[in-house]
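Undergrad: Below you'll find the structure I mean.
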Amino acid sequence: MAFVRVGDIHSIGKRFDATELRLGALSHRRSVHFKLSAAPLIKAARVSKSRTRPDTNTLTTSCGKRPYCHECRRAETICLCSYIKPFSSVHKFGILTHPSEAKKVQNTGYISHLCLMDSVYAEGTDFTHDAAVREALDDPKRRSFLVYPDEDAADLTNMSDEEVLEQFGQGAMFWIVDGSWSTARKMVSNSKNLKDLPKVAFTPEQPSRFRIRRQPKEFCYSTIEAIHYILKRNHDAAVAADGENKGETRDLFPKEEPFDNLLRVFDSMVELQISAKQARIRQAAQGLED
């Protein structure tokens with residue numbers, strides 16, 4: 001069975017031992033003892049999303065207010081806008097994100113949408129009546145495929161280059177279900193317009209680069225990694241066919257393609273998250289020392 005990570009999963013963070021902290025209560029001139037866990041301090045900057053966006057460029061968090069980028073939906077300290085280089089592709093993508101997944105700072109579905117020109121992005125649990133989704137599905141110029149691991153899913157990895165071009169060469173529409181395994185299954189089950197789509201999956205050849213989340217299996221991919229894989233597989237098949245037609249051999253050092261920036265954005269997101277977490281740990285440790 002081919003495995004493909006159709007969405008991101010809940011992060012499993014480490015718990016920190018409670019540390020005894022002693023503070024002098026100046027107003028009462030006595031000492032107060034209590035235990036403080038470092039975990040809440042590390043998680044304190046988690047964004048609390050409201051139904052309507054604030055008028056200013058700040059977002060209220062449990063730590064107060066901090067600058068917030070509404071374009072990439074991340075705090076300005078971990079903003080990804082400078083890394084994103086939107087590009088167009090023969091193949092199009094529809095990214096269907098579960099509401100709980102959309103709230104996570106590590107979510108890669110929306111970031112993928114910002115990178116992909118002409119992509120369809122929708123949040124919800126049932127897309128049967130979603131206007132944008134229905135319009136894209138009804139496009140007679142494109143055949144839609146659901147990226148979802150199933151027994152009858154076509155495996156991109158094991159398909160020959162000729163088969164890949166025959167199936168997807170004219171420009172396919174790939175629908176990515178962005179959520180945990182359990183929410184993804186429910187989303188597909190609820191959405192009548194997705195159930196009967198032909199399914200496609202792949203077998204990752206390398207482990208996921210998602211170092212800030214523990215994947216259910218080593219070779220489960222995030223949404224942005226899955227999209228990159230699909231684009232690269234189709235691109236490699238086209239290059240191989242073109243080379244054979246011209247009697248050329250495959251280039252051992254292929255040039256970087258626009259879709260390769262997806263992984264650069266992803267790696268930057270991971271690094272920024274790690275740096276921000278380390279900074280919060282240092283700040284928490286300094287507070288304990290003081």
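Identifiers for the structure tokens are assigned positionally: chains receive A, B, ... in sequence, residues are indexed from 1 per chain, and ligands are indexed from 1 in the order shown.
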Report as a VMD selection string: the residues of region 84-182 of chain A with a DSSP assignment of strand (DSSP E or B), based on the backbone of this structure.
TA: chain A and resid 87 92 to 97 116 120 to 123 144 to 147 154 to 155 173 to 178
Undergrad: Select, from A:Ala102, A:Ala279, A:Leu96, A:Leu156, the residue with the minimum atom-to-atom distance to Ser191 (chain A), counting only C-alpha atoms.
TA: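 So, comparing all the options, the nearest one is A:Leu96.
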Undergrad: Calculated over only C-alpha atoms, which of the candidates A:Ser119, A:Gln167, A:Ser112, A:Thr157 has the smallest distance to Cys72 (chain A)?
TA: A:Ser112
Undergrad: Neighbours of Glu135 (chain A) within 12 Å (only C-alpha atoms; same-chain residues fewer than 5 positions away dropped), as number ranges by chain?
TA: A: 94, 120, 127-130, 140-142, 144, 193
Undergrad: Any chance you could list, as a PyMOL selection string, the residues in region 136-264 of chain A that come up helix (DSSP H, G or I) when DSSP is run on the backbone?
TA: chain A and resi 136-137+161-168+181-190+192-195+223-246+258-264
Undergrad: Of the residues A:Ile274, A:Val105, A:Thr97, A:Arg280, which is the one nearest to Ala75 (chain A), using only C-alpha atoms?
TA: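 Closest to Ala75 (chain A) of all the choices is A:Val105.
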Undergrad: Out of A:Gly287, A:Pro204, A:Pro67, A:Gly171, which residue has the shortest atom-to-atom distance to His228 (chain A) when counting only C-alpha atoms?
TA: A:Pro204
